[in-house]
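Peer 1: First, the structure itself, so that you have it in front of you.
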Amino acid sequence: MSRYFITTPIYYVTAKPHLGHAYTTIIADALARWHRLLGDDVHFLVGTDEHGQKVADYAEAAGKSPQEFVDEIAPLYAQAWERLGITNSDFIRTTEQRHKIGVAELLQRCYDAGDIELDVYKGKYCVACEEYYTDDELDEGDLCRIHKRKVEYYEEENYFFRLSRFQQRLLDWYDAHPGSIKPEFRGNEALGLIRGGLRDFSVSRTSLKWGIPLPWDSKHVAYVWFDALANYITAIGYGSDEQRFNDWWPGHHLIGKDIIRHHCVYWPAMLMSAGLEPPAGWGVGGWLLVGGEKMSKTSGNVVNPLDLVDEIGVDGFRYYVLAETAYGQDGDFTYEGLIARYNSDLANNLGNLLSRVATVVGKKCDGIGPAPAPDSTLAAVATQAYANAAEAWNDMQPSKALDAAWTLIRATNAYLEANEPWKAEPSPALYTVMGDALEALRIVAVLASPAVPASSQAVWERIGLPGQVTDQRLPEAAGWGGYPGGLTVVKGDPLFPRR
Ligand code: MSP
């Protein structure tokens, strides 16, 4: 059995989760679910980023201690993920002891390797990004390009990570691991950053107290990005359970395009310095924009994913997130788009197929689903749908993977329209048509389950299949002929009532 370790970014606990956070988390969840179907042993990590200046500022503004503040916000993330059907195996908070132990270990290893040294930092810092910038990286008036807010001037003694020493090693590593960043154009962005030259970055602060102290100099606390990135290894036992760590590392990271530098440049260099393997891979998503802008509290365009779920259901929302935008590109969230996707793909295609099949089986087959024909014309469509879906998931392209599954839905609807079983008298030919459609639904339920898990299970049960769709194993479960026939088919309420 192969192991698959997948992570999301750990989100800053400055506010409750918004659509942008839900976006990456749902994609990671779908990938985790797909890998479970493949029979992989999956470890799926999510969490919250709780240290640093930004969080300390928010806590102060709320009149709370940082710890009180993060203790209030972190559970909102855990609750939101539960509501969205996220199947994470762990949730790490960077204020946990296991994390602090692992961060200290990682810092010490890099320090012992000679890659962390004391120096003086003078320059500009964006607190919202928790990132230093040079003048040519800022807009006029010293504005951060991402947050459009003024950076602050800092001058203090810092420890620096000697990133500049890693340029060639990183280039060689990426050269030896082509395609490790998906999609490819995002990988090229990372390579561009490395080729453009690497500056050492500060890994400590003396002006800040809300963080993890450096093990060899406790006047300094660790820079929040060093602390945060380490979550991916501290959660699986780095510094506390070596066996477990070796079992899971290296893992796959899903991130947004704004944190490529940290994940694809800083992080592999930090790991190399500590004598650890770089990540197994990265998936880099674009932003989900609202009204053409990245969602943020300052832009005032924050969409609460839980409101949308109340309206359209968990699966309707998950499906939209996964199907609407090609992963890697920016997408524009619109309410109209959400409804349109729901009506066309879920209500009219999948929902309608299930309802037609259940109606005809009820009326013409005494409610008992017949078996499919081994040589049905739909068999080849199903084989192709599986092959395309598998390739797309492997490329981290959920929208393509779902489109592949939906080709089978569309072909089955067309097959029914061509045969018009609702007009025919019961006959062996009619039974075969219905058996074929039930078999297509069975395969669709498996292929759609990473996106719409509850609805896939409902399809599974209504066509009379026992057990859980999530217990199916690919590729066998996508092979034509798995629907045995002789099962009770139930019509039930519409799976996706039109909106
Ligand atoms: N805490 C850091 C990540 C540390 S990971 C070791 C952080 N947190 S964040 O909450 O600000 O953002 C985390 C991720 O969410 C980023 O990759 C960002 O791109 C993503 N999103 C935040 N808003 C987004 C959208 N509107 N659309 C898509 N993703 C966006 O950065």
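We name chains A, B, ... following the order of the structure tokens; residues begin at 1 in each chain, and ligands are numbered from 1 as shown.
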Where does DSSP see strand (DSSP E or B) in stretch 194-417 of chain A, if you list the residues as a PyMOL selection string?

Peer 2: chain A and resi 201-202+204-205+213-214+217-222+252-256+281-285+288-290+293-294+331-333+368-369

Peer 1: If you count only C-alpha atoms, which residues fall within 9 Å of A:Ala340, apart from same-chain ones fewer than 5 positions away, as an mmCIF file with N, CA and C atoms, in the first residue's frame?

Peer 2:
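And here is the file that came out, out.cif:
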data_model
loop_
_atom_site.group_PDB
_atom_site.id
_atom_site.type_symbol
_atom_site.label_atom_id
_atom_site.label_comp_id
_atom_site.auth_asym_id
_atom_site.auth_seq_id
_atom_site.Cartn_x
_atom_site.Cartn_y
_atom_site.Cartn_z
ATOM 1 N N TYR A 335 -22.378 34.405 -7.111
ATOM 2 C CA TYR A 335 -23.528 33.668 -6.613
ATOM 3 C C TYR A 335 -24.286 33.038 -7.786
ATOM 4 N N ASP A 345 -25.212 20.955 -13.689
ATOM 5 C CA ASP A 345 -24.480 19.689 -13.526
ATOM 6 C C ASP A 345 -25.115 18.765 -12.490
ATOM 7 N N ARG A 499 -32.793 25.122 -8.106
ATOM 8 C CA ARG A 499 -32.811 26.398 -7.361
ATOM 9 C C ARG A 499 -33.313 27.501 -8.257
#

Peer 1: Please write out the residues within 9 Å of ligand 1 as a count of residues only, counting only C-alpha atoms and all ligand atoms.

Peer 2: 56

Peer 1: Would you mind listing what lies within 7 Å of stretch 140-151 of chain A as a PyMOL selection string, with only C-alpha atoms counted and same-chain residues fewer than 2 positions away left out?

Peer 2: chain A and resi 124-126+138+153

Peer 1: Go ahead and write the selection's residues with all heavy atoms as a compact mmCIF listing (two decimals), in the first residue's frame.

Peer 2:
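File produced: selection-v4.txt:
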# COMPACT_ATOMS: atom_id res chain seq x y z
N LYS A 124 12.07 47.14 5.34
CA LYS A 124 10.62 47.30 5.36
C LYS A 124 9.92 45.96 5.47
O LYS A 124 10.33 44.99 4.85
CB LYS A 124 10.20 48.06 4.11
CG LYS A 124 10.77 49.47 4.17
CD LYS A 124 10.66 50.23 2.88
CE LYS A 124 11.38 51.57 3.08
NZ LYS A 124 11.57 52.26 1.81
N TYR A 125 8.83 45.99 6.20
CA TYR A 125 8.15 44.75 6.54
C TYR A 125 6.65 44.93 6.40
O TYR A 125 6.09 45.90 6.89
CB TYR A 125 8.48 44.40 8.01
CG TYR A 125 8.06 43.01 8.41
CD1 TYR A 125 8.79 41.91 8.00
CD2 TYR A 125 6.94 42.81 9.20
CE1 TYR A 125 8.42 40.62 8.36
CE2 TYR A 125 6.56 41.52 9.57
CZ TYR A 125 7.31 40.43 9.15
OH TYR A 125 6.95 39.16 9.50
N CYS A 126 5.99 43.98 5.72
CA CYS A 126 4.52 44.02 5.67
C CYS A 126 4.01 43.04 6.73
O CYS A 126 4.26 41.84 6.63
CB CYS A 126 4.00 43.62 4.29
SG CYS A 126 2.20 43.39 4.31
N LEU A 138 7.91 47.04 -3.78
CA LEU A 138 6.76 47.75 -3.20
C LEU A 138 6.16 48.72 -4.21
O LEU A 138 6.85 49.18 -5.13
CB LEU A 138 7.22 48.54 -1.97
CG LEU A 138 7.71 47.68 -0.80
CD1 LEU A 138 8.40 48.55 0.24
CD2 LEU A 138 6.55 46.92 -0.17
N TYR A 153 8.89 50.16 8.98
CA TYR A 153 10.35 50.14 8.96
C TYR A 153 10.84 49.42 10.21
O TYR A 153 10.43 49.75 11.32
CB TYR A 153 10.91 51.55 8.90
CG TYR A 153 12.40 51.55 8.75
CD1 TYR A 153 12.99 51.30 7.51
CD2 TYR A 153 13.22 51.75 9.85
CE1 TYR A 153 14.37 51.24 7.36
CE2 TYR A 153 14.61 51.70 9.72
CZ TYR A 153 15.17 51.44 8.48
OH TYR A 153 16.53 51.38 8.35

Peer 1: How far is it from atom CA of A:Leu45 to atom CA of A:Gly85, in Å with one decimal?

Peer 2: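 These atoms are spaced 14.2 Å apart.
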
Peer 1: Could you jot down the atom CA of A:Leu106 to atom CA of A:Leu193 separation for me, Å, one decimal place?

Peer 2: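 About the pair atom CA of A:Leu106 and atom CA of A:Leu193: they are 24.1 Å apart.
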
Peer 1: Quick one: everything within 9 Å of stretch 494-498 of chain A, counting only C-alpha atoms, minus sequence neighbours fewer than 3 positions away in the same chain. Send it as a PyMOL selection string.

Peer 2: chain A and resi 316+339+342-343+346-348+350-352+354-355+455+458-459+491

Peer 1: Limited to all heavy atoms, could you put the picked residues into a file as a short mmCIF file (atom, residue, chain, number, x, y, z; two decimals), in the first residue's frame?

Peer 2:
data_model
loop_
_atom_site.label_atom_id
_atom_site.label_comp_id
_atom_site.auth_asym_id
_atom_site.auth_seq_id
_atom_site.Cartn_x
_atom_site.Cartn_y
_atom_site.Cartn_z
N GLY A 316 -23.35 20.79 -3.06
CA GLY A 316 -23.50 21.83 -4.09
C GLY A 316 -22.34 22.80 -4.04
O GLY A 316 -21.78 23.21 -5.06
N ILE A 339 -25.19 28.98 -8.55
CA ILE A 339 -26.53 28.45 -8.84
C ILE A 339 -26.56 27.78 -10.23
O ILE A 339 -27.15 26.71 -10.40
CB ILE A 339 -27.60 29.59 -8.80
CG1 ILE A 339 -27.58 30.28 -7.43
CG2 ILE A 339 -29.00 29.07 -9.15
CD1 ILE A 339 -28.07 29.44 -6.28
N TYR A 342 -24.88 24.42 -10.16
CA TYR A 342 -25.73 23.49 -9.41
C TYR A 342 -26.86 22.98 -10.30
O TYR A 342 -27.10 21.78 -10.42
CB TYR A 342 -26.26 24.20 -8.16
CG TYR A 342 -27.26 23.40 -7.37
CD1 TYR A 342 -26.84 22.61 -6.30
CD2 TYR A 342 -28.61 23.40 -7.71
CE1 TYR A 342 -27.76 21.85 -5.59
CE2 TYR A 342 -29.53 22.65 -7.00
CZ TYR A 342 -29.10 21.87 -5.94
OH TYR A 342 -30.00 21.12 -5.25
N ASN A 343 -27.54 23.93 -10.93
CA ASN A 343 -28.68 23.52 -11.75
C ASN A 343 -28.27 22.67 -12.95
O ASN A 343 -28.90 21.67 -13.25
CB ASN A 343 -29.47 24.75 -12.23
CG ASN A 343 -30.37 25.29 -11.11
OD1 ASN A 343 -30.77 24.55 -10.19
ND2 ASN A 343 -30.67 26.57 -11.16
N LEU A 346 -25.63 19.35 -11.41
CA LEU A 346 -26.15 18.49 -10.35
C LEU A 346 -27.65 18.21 -10.55
O LEU A 346 -28.06 17.06 -10.64
CB LEU A 346 -25.87 19.11 -8.97
CG LEU A 346 -24.36 19.22 -8.65
CD1 LEU A 346 -24.13 19.89 -7.29
CD2 LEU A 346 -23.69 17.85 -8.66
N ALA A 347 -28.46 19.26 -10.64
CA ALA A 347 -29.90 19.01 -10.77
C ALA A 347 -30.23 18.37 -12.13
O ALA A 347 -30.81 17.30 -12.20
CB ALA A 347 -30.67 20.33 -10.58
N ASN A 348 -29.81 19.02 -13.23
CA ASN A 348 -30.23 18.54 -14.56
C ASN A 348 -29.50 17.31 -15.04
O ASN A 348 -30.07 16.50 -15.77
CB ASN A 348 -30.04 19.63 -15.62
CG ASN A 348 -30.96 20.81 -15.37
OD1 ASN A 348 -31.84 20.73 -14.51
ND2 ASN A 348 -30.74 21.89 -16.08
N LEU A 350 -26.88 14.93 -13.07
CA LEU A 350 -26.81 13.79 -12.15
C LEU A 350 -28.18 13.51 -11.50
O LEU A 350 -28.66 12.37 -11.51
CB LEU A 350 -25.74 14.04 -11.07
CG LEU A 350 -25.60 12.97 -9.99
CD1 LEU A 350 -25.39 11.58 -10.60
CD2 LEU A 350 -24.44 13.30 -9.06
N GLY A 351 -28.80 14.56 -10.97
CA GLY A 351 -30.08 14.36 -10.28
C GLY A 351 -31.14 13.81 -11.23
O GLY A 351 -31.88 12.87 -10.89
N ASN A 352 -31.18 14.36 -12.41
CA ASN A 352 -32.17 13.93 -13.39
C ASN A 352 -31.94 12.48 -13.83
O ASN A 352 -32.89 11.71 -13.98
CB ASN A 352 -32.12 14.88 -14.59
CG ASN A 352 -33.28 14.66 -15.53
OD1 ASN A 352 -34.35 14.25 -15.11
ND2 ASN A 352 -33.05 14.92 -16.81
N LEU A 354 -30.57 10.05 -12.11
CA LEU A 354 -30.98 9.14 -11.03
C LEU A 354 -32.50 9.04 -10.98
O LEU A 354 -33.06 7.95 -10.87
CB LEU A 354 -30.44 9.64 -9.69
CG LEU A 354 -30.90 8.83 -8.47
CD1 LEU A 354 -30.31 7.42 -8.49
CD2 LEU A 354 -30.50 9.53 -7.16
N SER A 355 -33.15 10.19 -11.10
CA SER A 355 -34.60 10.18 -10.95
C SER A 355 -35.28 9.45 -12.11
O SER A 355 -36.20 8.66 -11.92
CB SER A 355 -35.05 11.64 -10.77
OG SER A 355 -36.14 11.92 -11.56
N SER A 455 -23.98 12.90 -1.59
CA SER A 455 -24.87 12.60 -2.72
C SER A 455 -24.47 11.29 -3.38
O SER A 455 -25.33 10.52 -3.83
CB SER A 455 -24.82 13.72 -3.76
OG SER A 455 -25.00 14.95 -3.12
N ALA A 458 -25.84 8.60 -1.43
CA ALA A 458 -27.29 8.51 -1.64
C ALA A 458 -27.59 7.77 -2.94
O ALA A 458 -28.48 6.91 -2.99
CB ALA A 458 -27.92 9.90 -1.65
N VAL A 459 -26.84 8.07 -4.01
CA VAL A 459 -27.04 7.36 -5.28
C VAL A 459 -26.80 5.87 -5.05
O VAL A 459 -27.59 5.01 -5.45
CB VAL A 459 -26.06 7.89 -6.37
CG1 VAL A 459 -26.10 7.00 -7.61
CG2 VAL A 459 -26.35 9.34 -6.72
N LYS A 491 -36.85 5.44 -5.42
CA LYS A 491 -36.86 6.75 -6.08
C LYS A 491 -36.48 7.89 -5.13
O LYS A 491 -35.55 8.63 -5.37
CB LYS A 491 -38.22 7.00 -6.72
CG LYS A 491 -38.30 8.35 -7.43
CD LYS A 491 -39.18 8.24 -8.64
CE LYS A 491 -39.42 9.47 -9.46
NZ LYS A 491 -38.85 10.71 -9.18
#

Peer 1: Show which residues sit within 9 Å of stretch 57-67 of chain A, as a tab-separated table (two decimals) with N, CA and C atoms, in the first residue's frame. Count only C-alpha atoms, and ignore same-chain residues fewer than 3 positions away.

Peer 2:
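Okay, this is what ended up in out.tsv:
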chain	number	residue	atom	x	y	z
A	14	THR	N	-6.74	35.10	12.38
A	14	THR	CA	-7.08	36.50	12.63
A	14	THR	C	-8.57	36.73	12.47
A	15	ALA	N	-9.24	35.85	11.79
A	15	ALA	CA	-10.68	36.00	11.60
A	15	ALA	C	-11.24	34.63	11.27
A	50	GLU	N	-0.75	30.35	14.44
A	50	GLU	CA	-1.23	31.13	15.58
A	50	GLU	C	-0.22	32.10	16.18
A	51	HIS	N	1.03	32.06	15.71
A	51	HIS	CA	2.01	33.00	16.25
A	51	HIS	C	2.19	34.21	15.32
A	52	GLY	N	3.09	35.12	15.74
A	52	GLY	CA	3.50	36.21	14.85
A	52	GLY	C	2.85	37.54	15.17
A	53	GLN	N	3.41	38.56	14.51
A	53	GLN	CA	3.00	39.94	14.76
A	53	GLN	C	1.53	40.17	14.44
A	54	LYS	N	1.10	39.62	13.30
A	54	LYS	CA	-0.26	39.88	12.85
A	54	LYS	C	-1.28	39.38	13.86
A	70	VAL	N	-6.44	33.21	20.19
A	70	VAL	CA	-6.34	32.07	19.27
A	70	VAL	C	-7.20	30.90	19.73
A	71	ASP	N	-7.36	30.77	21.04
A	71	ASP	CA	-8.21	29.69	21.54
A	71	ASP	C	-9.67	29.88	21.13
A	72	GLU	N	-10.04	31.12	20.91
A	72	GLU	CA	-11.42	31.37	20.45
A	72	GLU	C	-11.58	31.12	18.97
A	95	THR	N	0.42	26.54	18.43
A	95	THR	CA	0.65	26.80	19.85
A	95	THR	C	0.74	25.49	20.65
A	210	TRP	N	5.34	37.01	20.94
A	210	TRP	CA	4.36	35.95	20.65
A	210	TRP	C	4.91	34.98	19.61

Peer 1: With a distance cut-off of 9 Å and only C-alpha atoms, select the neighbouring residues of stretch 444-452 of chain A, excluding the residue or stretch itself and same-chain residues fewer than 3 positions from it, and output the selection as a PyMOL selection string.

Peer 2: chain A and resi 26-27+29-34+37+314-316+318-319+322-323+350+382+385-386+389+398+401-402+404-406+408-409+439-441+455-460+469-470+472-474+477-478

Peer 1: Filtering to N, CA and C atoms, could you give me those residues as a compact mmCIF listing (two decimals), in the first residue's frame?

Peer 2:
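The resulting file, again_20.txt, is reproduced below:
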# COMPACT_ATOMS: atom_id res chain seq x y z
N ILE A 26 -11.03 22.30 0.48
CA ILE A 26 -11.92 21.36 -0.23
C ILE A 26 -11.13 20.62 -1.32
N ILE A 27 -10.24 21.31 -2.00
CA ILE A 27 -9.45 20.64 -3.03
C ILE A 27 -8.56 19.56 -2.39
N ASP A 29 -9.16 18.01 0.35
CA ASP A 29 -10.04 16.93 0.80
C ASP A 29 -10.41 16.00 -0.35
N ALA A 30 -10.73 16.58 -1.50
CA ALA A 30 -11.10 15.75 -2.65
C ALA A 30 -9.92 14.88 -3.07
N LEU A 31 -8.72 15.45 -3.04
CA LEU A 31 -7.54 14.64 -3.39
C LEU A 31 -7.33 13.52 -2.37
N ALA A 32 -7.52 13.85 -1.10
CA ALA A 32 -7.37 12.82 -0.06
C ALA A 32 -8.37 11.70 -0.30
N ARG A 33 -9.60 12.09 -0.62
CA ARG A 33 -10.64 11.08 -0.86
C ARG A 33 -10.32 10.23 -2.10
N TRP A 34 -9.82 10.87 -3.14
CA TRP A 34 -9.46 10.13 -4.35
C TRP A 34 -8.37 9.11 -4.02
N LEU A 37 -9.67 6.11 -2.36
CA LEU A 37 -10.31 5.20 -3.32
C LEU A 37 -9.25 4.35 -4.03
N VAL A 314 -23.93 21.15 1.27
CA VAL A 314 -22.48 20.93 1.30
C VAL A 314 -21.98 20.48 -0.08
N ASP A 315 -22.69 19.52 -0.68
CA ASP A 315 -22.19 18.98 -1.94
C ASP A 315 -22.30 20.00 -3.07
N GLY A 316 -23.35 20.79 -3.06
CA GLY A 316 -23.50 21.83 -4.09
C GLY A 316 -22.34 22.80 -4.04
N ARG A 318 -19.30 22.23 -2.53
CA ARG A 318 -18.03 21.54 -2.85
C ARG A 318 -17.89 21.37 -4.35
N TYR A 319 -18.99 20.98 -4.99
CA TYR A 319 -18.92 20.74 -6.43
C TYR A 319 -18.54 22.02 -7.17
N LEU A 322 -14.85 22.80 -6.79
CA LEU A 322 -13.96 21.88 -7.51
C LEU A 322 -14.10 21.96 -9.02
N ALA A 323 -15.34 22.22 -9.48
CA ALA A 323 -15.60 22.10 -10.92
C ALA A 323 -15.45 23.41 -11.67
N LEU A 350 -26.88 14.93 -13.07
CA LEU A 350 -26.81 13.79 -12.15
C LEU A 350 -28.18 13.51 -11.50
N ALA A 382 -17.45 4.45 -19.97
CA ALA A 382 -17.07 4.37 -18.55
C ALA A 382 -15.56 4.16 -18.43
N ALA A 385 -13.93 7.39 -19.12
CA ALA A 385 -14.20 8.36 -18.04
C ALA A 385 -13.24 8.09 -16.87
N TYR A 386 -13.08 6.83 -16.53
CA TYR A 386 -12.18 6.52 -15.42
C TYR A 386 -10.75 6.91 -15.76
N ALA A 389 -10.37 10.62 -15.61
CA ALA A 389 -10.47 11.14 -14.24
C ALA A 389 -9.18 10.84 -13.48
N PRO A 398 -8.93 18.87 -10.46
CA PRO A 398 -10.26 18.35 -10.10
C PRO A 398 -11.34 18.72 -11.12
N ALA A 401 -11.20 16.24 -13.78
CA ALA A 401 -11.58 14.91 -13.29
C ALA A 401 -13.10 14.80 -13.20
N LEU A 402 -13.74 15.88 -12.75
CA LEU A 402 -15.20 15.84 -12.64
C LEU A 402 -15.84 15.90 -14.02
N ALA A 404 -14.66 14.55 -16.56
CA ALA A 404 -14.55 13.18 -17.07
C ALA A 404 -15.70 12.32 -16.52
N ALA A 405 -15.96 12.44 -15.21
CA ALA A 405 -17.05 11.66 -14.61
C ALA A 405 -18.38 12.07 -15.24
N TRP A 406 -18.52 13.36 -15.50
CA TRP A 406 -19.79 13.85 -16.05
C TRP A 406 -19.99 13.44 -17.51
N LEU A 408 -19.73 10.51 -18.48
CA LEU A 408 -20.49 9.27 -18.36
C LEU A 408 -21.96 9.58 -18.03
N ILE A 409 -22.18 10.61 -17.21
CA ILE A 409 -23.57 11.00 -16.90
C ILE A 409 -24.27 11.47 -18.18
N GLU A 439 -25.69 0.60 -13.94
CA GLU A 439 -24.25 0.35 -13.83
C GLU A 439 -23.47 1.67 -14.02
N ALA A 440 -23.94 2.49 -14.96
CA ALA A 440 -23.27 3.79 -15.15
C ALA A 440 -23.40 4.63 -13.87
N LEU A 441 -24.58 4.60 -13.26
CA LEU A 441 -24.77 5.35 -12.01
C LEU A 441 -23.86 4.85 -10.90
N SER A 455 -23.98 12.90 -1.59
CA SER A 455 -24.87 12.60 -2.72
C SER A 455 -24.47 11.29 -3.38
N SER A 456 -23.17 11.03 -3.47
CA SER A 456 -22.72 9.77 -4.08
C SER A 456 -23.20 8.58 -3.25
N GLN A 457 -23.13 8.75 -1.93
CA GLN A 457 -23.62 7.68 -1.06
C GLN A 457 -25.13 7.49 -1.25
N ALA A 458 -25.84 8.60 -1.43
CA ALA A 458 -27.29 8.51 -1.64
C ALA A 458 -27.59 7.77 -2.94
N VAL A 459 -26.84 8.07 -4.01
CA VAL A 459 -27.04 7.36 -5.28
C VAL A 459 -26.80 5.87 -5.05
N TRP A 460 -25.70 5.58 -4.39
CA TRP A 460 -25.30 4.19 -4.09
C TRP A 460 -26.44 3.43 -3.41
N VAL A 469 -19.88 3.83 -0.39
CA VAL A 469 -19.18 4.10 -1.66
C VAL A 469 -17.71 4.38 -1.38
N THR A 470 -17.42 4.95 -0.23
CA THR A 470 -16.02 5.27 0.10
C THR A 470 -15.19 4.01 0.36
N GLN A 472 -15.15 1.55 -1.70
CA GLN A 472 -14.83 0.96 -3.01
C GLN A 472 -13.37 1.20 -3.33
N ARG A 473 -12.80 0.34 -4.13
CA ARG A 473 -11.38 0.47 -4.48
C ARG A 473 -11.21 0.54 -6.00
N LEU A 474 -10.45 1.53 -6.41
CA LEU A 474 -10.15 1.70 -7.82
C LEU A 474 -8.83 0.99 -8.14
N ALA A 477 -13.39 -0.86 -8.99
CA ALA A 477 -14.75 -0.34 -8.82
C ALA A 477 -15.23 0.42 -10.05
N ALA A 478 -14.31 0.79 -10.94
CA ALA A 478 -14.74 1.50 -12.15
C ALA A 478 -14.90 0.53 -13.33

Peer 1: Skip A:Val265 itself and residues of its chain fewer than 2 positions away, then list as a list in words all residues within 9 Å of it, counting only C-alpha atoms.

Peer 2: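 In the requested form, the answer reads Leu163, Gln167, Leu170, Ala190, Leu191, Leu193, Ile194, Leu198, Ile260, Arg261, His262, His263, Trp267, Pro268, Ala269 and Met270 of chain A.
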
Peer 1: Could you tell me which of A:Gly237, A:Tyr154, A:Trp216, A:Gly197 comes closest to A:Ile92 if we count only C-alpha atoms?

Peer 2: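 Once distances to A:Ile92 are computed over only C-alpha atoms, the minimum belongs to A:Gly237.
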
Peer 1: Restricting the calculation to only C-alpha atoms: of A:Leu107, A:Ile86, A:Ile181, A:Val203, which residue gets closest to A:Tyr121?

Peer 2: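 Of all the options, A:Val203 lies closest to A:Tyr121.
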